[in-house]
>>> print(open('query-v2.cif').read())   # mmCIF, C-alpha atoms and all ligand atoms
data_final
#
loop_
_atom_site.label_atom_id
_atom_site.label_comp_id
_atom_site.auth_asym_id
_atom_site.auth_seq_id
_atom_site.Cartn_x
_atom_site.Cartn_y
_atom_site.Cartn_z
CA MET A 1362 9.42 2.54 -18.67
CA SER A 1363 6.31 4.54 -18.13
CA PHE A 1364 2.74 3.78 -17.22
CA VAL A 1365 1.53 6.36 -19.74
CA GLY A 1366 4.34 6.11 -22.26
CA ALA A 1367 5.98 3.36 -24.24
CA TYR A 1368 3.81 0.46 -23.14
CA CYS A 1369 0.55 2.30 -23.37
CA ASN A 1370 -0.96 0.29 -26.20
CA THR A 1371 -3.92 -1.12 -24.31
CA PRO A 1372 -6.83 0.88 -22.93
CA LEU A 1373 -6.72 1.70 -19.26
CA ARG A 1374 -9.22 -0.50 -17.45
CA VAL A 1375 -8.62 0.34 -13.84
CA ASN A 1376 -12.06 1.82 -13.35
CA VAL A 1377 -13.73 -1.54 -13.71
CA GLU A 1378 -15.41 -2.24 -10.39
CA THR A 1379 -13.82 -5.43 -9.13
CA LYS A 1380 -14.21 -5.12 -5.40
CA PRO A 1381 -16.43 -7.23 -3.16
CA PRO A 1382 -19.98 -5.92 -2.68
CA LEU A 1383 -20.07 -2.64 -0.80
CA GLY A 1384 -23.28 -3.39 1.09
CA LEU A 1385 -21.64 -4.80 4.19
CA ILE A 1386 -19.17 -1.99 4.57
CA LYS A 1387 -21.80 0.70 4.00
CA GLU A 1388 -24.01 -0.91 6.58
CA GLU A 1389 -21.13 -1.02 9.02
CA VAL A 1390 -20.41 2.65 8.48
CA ARG A 1391 -24.08 3.64 8.92
CA LYS A 1392 -24.40 2.03 12.31
CA SER A 1393 -20.79 2.54 13.29
CA ARG A 1394 -20.04 3.49 16.85
CA TYR A 1395 -16.66 4.48 15.57
CA ARG A 1396 -17.49 7.45 13.42
CA ILE A 1397 -15.43 10.43 14.44
CA LYS A 1398 -14.95 13.93 13.17
CA MET A 1399 -13.52 14.06 9.68
CA ILE A 1400 -10.88 16.51 8.60
CA GLU A 1401 -11.84 18.06 5.27
CA ASN A 1402 -10.37 16.24 2.22
CA SER A 1403 -8.67 13.76 4.50
CA LEU A 1404 -8.31 10.23 3.22
CA LEU A 1405 -6.38 8.76 6.11
CA GLN A 1406 -5.41 10.19 9.46
CA THR A 1407 -3.20 8.77 12.15
CA VAL A 1408 -4.14 10.30 15.46
CA ARG A 1409 -1.59 10.44 18.28
CA ILE A 1410 -0.07 7.06 17.48
CA TYR A 1411 2.23 5.49 20.05
CA LYS A 1412 3.80 2.10 19.57
CA GLU A 1413 6.02 0.24 21.97
CA TYR A 1414 7.38 -3.26 22.13
CA THR A 1415 7.82 -5.05 25.42
CA ASN A 1416 10.54 -7.59 25.83
CA GLY A 1417 10.53 -9.07 29.33
CA GLU A 1418 11.04 -6.15 31.70
CA ARG A 1419 12.09 -3.71 29.03
CA THR A 1420 9.82 -1.51 26.99
CA LEU A 1421 11.05 -0.15 23.71
CA PRO A 1422 9.23 2.96 22.49
CA VAL A 1423 9.17 2.89 18.70
CA LEU A 1424 6.62 5.55 17.70
CA GLN A 1425 5.69 8.54 19.80
CA ASP A 1426 2.78 10.84 19.18
CA ILE A 1427 2.54 10.48 15.41
CA SER A 1428 -0.32 12.48 13.93
CA LEU A 1429 -0.52 12.61 10.16
CA ASP A 1430 -3.15 13.48 7.62
CA ILE A 1431 -3.01 12.02 4.12
CA LYS A 1432 -5.09 13.82 1.52
CA LYS A 1433 -6.56 12.25 -1.61
CA GLY A 1434 -4.22 12.41 -4.59
CA GLU A 1435 -1.03 13.34 -2.81
CA ILE A 1436 2.32 11.55 -2.58
CA VAL A 1437 3.79 11.64 0.89
CA ALA A 1438 7.33 10.42 1.51
CA ILE A 1439 8.25 9.15 4.96
CA VAL A 1440 11.99 9.34 5.47
CA GLY A 1441 14.30 8.54 8.33
CA ALA A 1442 17.31 6.47 9.35
CA SER A 1443 17.16 2.70 9.63
CA GLY A 1444 15.35 1.78 12.85
CA ALA A 1445 13.55 5.13 13.06
CA GLY A 1446 10.14 3.41 12.97
CA LYS A 1447 9.14 3.98 9.32
CA SER A 1448 7.98 0.43 8.58
CA THR A 1449 6.18 0.21 11.91
CA LEU A 1450 4.29 3.39 11.04
CA LEU A 1451 3.42 2.18 7.55
CA HIS A 1452 2.13 -1.14 8.92
CA ILE A 1453 -0.01 0.73 11.45
CA MET A 1454 -1.36 3.03 8.72
CA GLY A 1455 -2.34 0.00 6.65
CA ILE A 1456 -3.83 -1.70 9.74
CA LEU A 1457 -1.46 -4.62 9.36
CA ASP A 1458 -0.31 -3.79 12.89
CA THR A 1459 -2.08 -2.13 15.82
CA PRO A 1460 -0.76 0.85 17.77
CA THR A 1461 -0.26 0.74 21.55
CA SER A 1462 -2.43 3.85 21.66
CA GLY A 1463 -3.90 6.27 19.17
CA TYR A 1464 -5.92 5.36 16.12
CA VAL A 1465 -6.11 5.32 12.35
CA VAL A 1466 -9.07 7.00 10.69
CA TYR A 1467 -10.27 6.43 7.14
CA LYS A 1468 -12.84 8.96 5.93
CA GLY A 1469 -14.16 9.39 9.44
CA ILE A 1470 -14.15 5.70 10.37
CA ASN A 1471 -11.89 4.60 13.19
CA LEU A 1472 -10.23 1.53 11.67
CA THR A 1473 -8.24 0.67 14.78
CA GLU A 1474 -11.33 -0.18 16.80
CA LEU A 1475 -13.06 -2.34 14.23
CA ARG A 1476 -13.31 -6.05 14.90
CA ALA A 1477 -10.69 -8.24 13.24
CA LYS A 1478 -12.92 -9.52 10.43
CA LYS A 1479 -14.18 -6.08 9.50
CA ARG A 1480 -10.70 -4.63 9.79
CA ALA A 1481 -9.36 -7.23 7.36
CA GLU A 1482 -12.19 -6.44 4.95
CA MET A 1483 -11.46 -2.73 5.16
CA ARG A 1484 -7.74 -3.37 4.74
CA ASN A 1485 -8.31 -5.29 1.52
CA ARG A 1486 -10.60 -2.60 0.26
CA ILE A 1487 -8.61 0.50 1.09
CA PHE A 1488 -4.94 -0.39 0.81
CA GLY A 1489 -2.47 -1.72 -1.71
CA PHE A 1490 0.94 -2.72 -0.34
CA VAL A 1491 4.32 -2.74 -2.04
CA PHE A 1492 7.33 -4.05 -0.13
CA GLN A 1493 11.08 -3.92 -0.59
CA PHE A 1494 11.38 -7.67 -1.21
CA TYR A 1495 8.28 -7.92 -3.43
CA HIS A 1496 6.62 -10.74 -1.42
CA LEU A 1497 5.47 -12.56 -4.54
CA LEU A 1498 4.39 -16.18 -4.19
CA PRO A 1499 7.18 -18.23 -5.77
CA ASP A 1500 5.04 -21.06 -7.16
CA PHE A 1501 2.65 -18.78 -9.02
CA THR A 1502 3.11 -16.95 -12.31
CA ALA A 1503 3.23 -13.18 -12.61
CA LEU A 1504 -0.38 -13.13 -13.79
CA GLU A 1505 -1.56 -15.45 -11.00
CA ASN A 1506 0.25 -13.37 -8.39
CA VAL A 1507 -1.60 -10.29 -9.60
CA ILE A 1508 -5.03 -11.96 -9.62
CA LEU A 1509 -4.74 -13.59 -6.18
CA PRO A 1510 -5.89 -10.56 -4.13
CA CYS A 1511 -9.15 -10.54 -6.11
CA LEU A 1512 -9.96 -13.99 -4.72
CA ILE A 1513 -10.01 -12.69 -1.18
CA GLY A 1514 -13.56 -12.16 -0.01
CA SER A 1515 -15.00 -13.62 -3.19
CA SER A 1516 -17.27 -16.66 -3.06
CA TYR A 1517 -16.56 -19.52 -5.48
CA SER A 1518 -19.52 -18.72 -7.74
CA ASN A 1519 -18.76 -15.03 -7.67
CA TRP A 1520 -15.16 -15.78 -8.53
CA GLN A 1521 -16.17 -17.93 -11.49
CA LYS A 1522 -18.21 -15.03 -12.83
CA LEU A 1523 -15.52 -12.42 -12.34
CA ARG A 1524 -12.47 -14.47 -13.20
CA LYS A 1525 -12.39 -13.42 -16.84
CA GLU A 1526 -12.81 -9.77 -16.00
CA TYR A 1527 -10.04 -9.90 -13.40
CA THR A 1528 -7.75 -11.71 -15.81
CA ASN A 1529 -8.36 -9.16 -18.56
CA LYS A 1530 -7.69 -6.33 -16.18
CA ALA A 1531 -4.51 -7.96 -14.83
CA VAL A 1532 -3.19 -8.63 -18.34
CA SER A 1533 -3.99 -5.10 -19.40
CA LEU A 1534 -2.18 -3.59 -16.41
CA LEU A 1535 0.82 -5.91 -16.78
CA GLU A 1536 1.06 -4.94 -20.45
CA ARG A 1537 1.04 -1.30 -19.51
CA VAL A 1538 4.17 -1.76 -17.42
CA GLY A 1539 5.95 -3.72 -20.13
CA LEU A 1540 5.30 -7.21 -18.76
CA GLY A 1541 2.98 -8.46 -21.49
CA GLY A 1542 5.67 -10.98 -22.42
CA ARG A 1543 6.17 -12.17 -18.83
CA LEU A 1544 2.66 -13.25 -17.85
CA THR A 1545 3.54 -16.89 -17.29
CA HIS A 1546 6.96 -16.29 -15.76
CA LYS A 1547 7.43 -17.27 -12.14
CA PRO A 1548 9.17 -14.79 -9.82
CA PHE A 1549 12.56 -16.55 -10.09
CA GLN A 1550 12.42 -16.00 -13.86
CA LEU A 1551 12.00 -12.24 -13.44
CA SER A 1552 14.52 -9.48 -12.71
CA GLY A 1553 14.22 -7.41 -9.54
CA GLY A 1554 12.63 -4.51 -11.39
CA GLU A 1555 10.16 -6.84 -13.13
CA ARG A 1556 9.23 -8.46 -9.82
CA GLN A 1557 8.56 -5.07 -8.31
CA ARG A 1558 6.41 -4.09 -11.29
CA VAL A 1559 4.36 -7.27 -10.77
CA ALA A 1560 4.06 -6.41 -7.07
CA ILE A 1561 2.88 -2.90 -7.90
CA ILE A 1562 0.24 -4.20 -10.31
CA ARG A 1563 -0.85 -6.74 -7.69
CA ALA A 1564 -1.31 -3.84 -5.29
CA LEU A 1565 -3.37 -1.92 -7.88
CA ILE A 1566 -5.68 -4.70 -9.04
CA THR A 1567 -8.24 -4.00 -6.30
CA ASN A 1568 -8.27 -0.23 -7.05
CA PRO A 1569 -6.90 0.75 -3.64
CA GLU A 1570 -7.58 4.22 -2.30
CA LEU A 1571 -4.11 4.34 -0.85
CA LEU A 1572 -0.90 2.72 -2.06
CA LEU A 1573 1.52 2.08 0.80
CA CYS A 1574 5.10 1.43 -0.33
CA ASP A 1575 7.88 0.36 2.02
CA GLU A 1576 11.30 1.01 0.45
CA PRO A 1577 10.06 -0.12 -2.99
CA THR A 1578 13.43 0.66 -4.58
CA GLY A 1579 15.56 -0.52 -1.64
CA ASN A 1580 16.58 -3.75 -3.32
CA LEU A 1581 17.16 -2.35 -6.81
CA ASP A 1582 20.08 -0.74 -8.60
CA THR A 1583 19.91 3.02 -9.15
CA LYS A 1584 18.58 2.91 -12.72
CA THR A 1585 15.89 0.30 -12.00
CA GLY A 1586 14.98 2.11 -8.79
CA HIS A 1587 14.54 5.27 -10.80
CA GLU A 1588 12.19 3.46 -13.22
CA ILE A 1589 10.09 2.13 -10.36
CA ARG A 1590 9.93 5.60 -8.90
CA GLU A 1591 8.74 6.97 -12.23
CA LEU A 1592 6.11 4.25 -12.46
CA ILE A 1593 4.73 5.10 -9.01
CA TRP A 1594 4.68 8.80 -9.86
CA ASP A 1595 2.90 8.04 -13.14
CA LEU A 1596 0.21 6.19 -11.23
CA ASN A 1597 -0.29 9.31 -9.17
CA LYS A 1598 -0.52 11.45 -12.28
CA VAL A 1599 -2.70 9.17 -14.42
CA LEU A 1600 -4.94 7.58 -11.79
CA ASN A 1601 -4.72 10.28 -9.13
CA GLN A 1602 -3.40 7.45 -6.97
CA THR A 1603 -2.71 8.52 -3.39
CA VAL A 1604 0.68 7.19 -2.29
CA VAL A 1605 2.60 6.97 0.96
CA ILE A 1606 6.16 5.90 0.30
CA VAL A 1607 8.73 5.00 2.92
CA THR A 1608 12.24 5.54 1.68
CA HIS A 1609 15.68 6.45 2.86
CA ASP A 1610 16.50 7.67 -0.65
CA GLU A 1611 16.45 11.48 -0.49
CA GLU A 1612 16.36 11.65 -4.28
CA ILE A 1613 13.02 9.84 -4.30
CA ALA A 1614 11.67 11.84 -1.37
CA ARG A 1615 12.60 15.06 -3.13
CA HIS A 1616 9.95 14.34 -5.78
CA ALA A 1617 7.13 13.88 -3.26
CA GLN A 1618 4.63 16.64 -2.58
CA ARG A 1619 5.32 16.32 1.11
CA ILE A 1620 8.13 14.82 3.18
CA VAL A 1621 7.59 13.56 6.71
CA ARG A 1622 10.81 13.01 8.64
CA ILE A 1623 10.85 10.47 11.44
CA VAL A 1624 13.65 10.69 13.97
CA ASP A 1625 13.65 8.23 16.87
CA GLY A 1626 9.97 7.53 16.41
CA ARG A 1627 8.84 11.15 16.34
CA ILE A 1628 7.93 13.48 13.49
CA LEU A 1629 10.62 16.07 13.06
CA GLU A 1630 8.84 19.39 12.86
N1 LIG B 1701 8.25 -6.98 16.36
C1 LIG B 1701 9.15 -6.21 16.96
N2 LIG B 1701 9.54 -6.45 18.23
C2 LIG B 1701 10.44 -5.66 18.85
N3 LIG B 1701 11.03 -4.59 18.28
C3 LIG B 1701 10.69 -4.30 17.01
C4 LIG B 1701 9.75 -5.08 16.28
N4 LIG B 1701 9.60 -4.54 15.05
C5 LIG B 1701 10.43 -3.47 14.99
N5 LIG B 1701 11.08 -3.33 16.17
C6 LIG B 1701 12.03 -2.27 16.49
O1 LIG B 1701 11.40 -1.02 16.24
C7 LIG B 1701 12.32 -0.10 15.71
C8 LIG B 1701 11.79 0.48 14.42
O2 LIG B 1701 11.71 -0.53 13.44
P1 LIG B 1701 11.22 -0.25 11.95
O3 LIG B 1701 9.89 0.35 12.01
O4 LIG B 1701 11.36 -1.52 11.19
O5 LIG B 1701 12.28 0.81 11.46
P2 LIG B 1701 12.62 1.35 9.99
O6 LIG B 1701 11.63 0.80 9.06
O7 LIG B 1701 12.59 2.83 10.10
O8 LIG B 1701 14.00 0.88 9.70
C9 LIG B 1701 13.64 -0.82 15.54
O9 LIG B 1701 14.47 -0.49 16.63
C10 LIG B 1701 13.24 -2.27 15.58
O10 LIG B 1701 14.27 -3.07 16.10
MG MG B 1702 11.83 -0.45 7.41
#
>>> encode(input="query-v2.cif", output="structure tokens")
Amino acid sequence: MSFVGAYCNTPLRVNVETKPPLGLIKEEVRKSRYRIKMIENSLLQTVRIYKEYTNGERTLPVLQDISLDIKKGEIVAIVGASGAGKSTLLHIMGILDTPTSGYVVYKGINLTELRAKKRAEMRNRIFGFVFQFYHLLPDFTALENVILPCLIGSSYSNWQKLRKEYTNKAVSLLERVGLGGRLTHKPFQLSGGERQRVAIIRALITNPELLLCDEPTGNLDTKTGHEIRELIWDLNKVLNQTVVIVTHDEEIARHAQRIVRIVDGRILE
């Protein structure tokens, strides 16, 4: 299965602009108090991230002094033992979670300090997420699952206008990953590999700048995992998709342009 290969019988339509109007975000950036120095070519930086959890009297340090710089178009693998803090780091990168200290910077904008509403807007705009257990909505079809993120931030009238365009794009992408015959299947009617392909397309439908994957092959057999890996790498090749992938599979990590090793919450130099 390949994004560019066997199923490539429909034109690629991922450049269609389907995001909510940019005006608000641009305005926010212009007057932002949070602009900070940008590293050249940097898409996303984590700056001195610490994360700890407090449970009663006890404090558990999970991440310590994590500084990373993700450049446009690269695939970075984050590897480490179970409990090392990989998922915590990925959630902080995708501003699903906040660090105890430190910050996350997207093209010079400090995302960590934005207000909740703006942060959510930026999250939907910048990131696509793929998880180990797919997180598809069980009562919706494959096609509906893919289209749902487009609804976020869209007014009813706007949605009515764009619905057809979104649907065409979703169908086209699903066809490209061999799921043209599964559009109306619900998640329970799909195999693990098919579910993950739907989840990947759902993550791509908003044209994210950065695809964040947390053990995307962790729940799949070796062969299917290999196919999903190839699909993600194809996206990088064909769309220049920037990817951060958390994995404990060294074979997958080996293919990344860069490997970041986390041991006990710290980057192993
Ligand atoms: N919400 C939480 N409250 C307390 N401890 C947590 C929480 N989430 C994760 N942890 C702890 O943080 C550590 C790192 O977790 P995680 O980032 O999920 O590791 P990994 O993804 O590398 O397996 C683990 O010891 C885990 O138990
Ligand atoms: Mg994890």
>>> closest_atom_pairs(input="query-v2.cif", of="chain A", to="ligand LIG 1701 (chain B)", cutoff="10 Å", atoms="all atoms listed in the file", output="tab-separated table")
residue	atom	partner	partner_atom	distance
A:Lys1412	CA	B:LIG1701	O1	8.9
A:Glu1413	CA	B:LIG1701	N3	7.9
A:Tyr1414	CA	B:LIG1701	C2	5.1
A:Thr1415	CA	B:LIG1701	C2	7.1
A:Asn1416	CA	B:LIG1701	C2	7.2
A:Thr1420	CA	B:LIG1701	C2	9.2
A:Leu1421	CA	B:LIG1701	N3	7.0
A:Pro1422	CA	B:LIG1701	O1	7.7
A:Val1423	CA	B:LIG1701	O1	5.1
A:Leu1424	CA	B:LIG1701	C8	7.9
A:Ile1439	CA	B:LIG1701	O7	9.2
A:Val1440	CA	B:LIG1701	O7	8.0
A:Gly1441	CA	B:LIG1701	O7	6.2
A:Ala1442	CA	B:LIG1701	O7	6.0
A:Ser1443	CA	B:LIG1701	O8	3.6
A:Gly1444	CA	B:LIG1701	O5	3.5
A:Ala1445	CA	B:LIG1701	O7	3.9
A:Gly1446	CA	B:LIG1701	O3	3.2
A:Lys1447	CA	B:LIG1701	O7	3.7
A:Ser1448	CA	B:LIG1701	O6	3.7
A:Thr1449	CA	B:LIG1701	O3	3.7
A:Leu1450	CA	B:LIG1701	O3	6.4
A:Leu1451	CA	B:LIG1701	O3	8.1
A:His1452	CA	B:LIG1701	O3	8.5
A:Ile1453	CA	B:LIG1701	O3	9.9
A:Asp1458	CA	B:LIG1701	N1	9.8
A:Asp1575	CA	B:LIG1701	O6	8.0
A:Glu1576	CA	B:LIG1701	O6	8.6
A:Val1607	CA	B:LIG1701	O6	8.0
A:Thr1608	CA	B:LIG1701	O6	8.8
A:His1609	CA	B:LIG1701	O7	8.7
A:Ile1623	CA	B:LIG1701	O7	7.9
A:Val1624	CA	B:LIG1701	O7	8.8
A:Asp1625	CA	B:LIG1701	C8	8.3
A:Gly1626	CA	B:LIG1701	C8	7.5
>>> atom_distance(input="query-v2.cif", atom1="atom CA of A:Leu1544", atom2="atom CA of A:Lys1525")
15.1 Å
>>> closest_residue(input="query-v2.cif", among="A:Asn1519, A:Tyr1495, A:Arg1476, A:Gly1434", to="A:Asp1595", atoms="all atoms listed in the file")
A:Gly1434
>>> residues_around(input="query-v2.cif", residues="A:Gln1602", least_positions_apart="2", cutoff="9 Å", atoms="only C-alpha atoms", output="list in words")
Lys1433, Gly1434, Glu1435, Ile1436, Pro1569, Glu1570, Leu1571, Leu1572, Ile1593, Trp1594, Asp1595, Leu1596, Asn1597, Lys1598, Val1599, Leu1600 and Val1604 of chain A
>>> atom_distance(input="query-v2.cif", atom1="atom CA of A:Glu1611", atom2="atom CA of A:Asp1430")
21.3 Å
>>> residues_around(input="query-v2.cif", residues="A:Ile1566", least_positions_apart="3", cutoff="8 Å", atoms="all atoms listed in the file", output="list in words")
Val1375, Val1507, Ile1508, Pro1510, Cys1511, Lys1530, Ala1531, Ile1562, Arg1563 and Pro1569 of chain A
>>> closest_residue(input="query-v2.cif", among="A:Glu1591, A:Asp1610, A:Asp1500, A:Asp1582", to="A:His1546", atoms="all atoms listed in the file")
A:Asp1500
>>> residues_around(input="query-v2.cif", residues="A:Arg1627", least_positions_apart="5", cutoff="7 Å", atoms="all atoms listed in the file", output="mmCIF file with C-alpha atoms, in the coordinates of the input")
data_model
loop_
_atom_site.group_PDB
_atom_site.id
_atom_site.type_symbol
_atom_site.label_atom_id
_atom_site.label_comp_id
_atom_site.auth_asym_id
_atom_site.auth_seq_id
_atom_site.Cartn_x
_atom_site.Cartn_y
_atom_site.Cartn_z
ATOM 1 C CA LEU A 1424 6.620 5.550 17.700
ATOM 2 C CA GLN A 1425 5.690 8.540 19.800
ATOM 3 C CA ASP A 1426 2.780 10.840 19.180
ATOM 4 C CA ILE A 1427 2.540 10.480 15.410
#
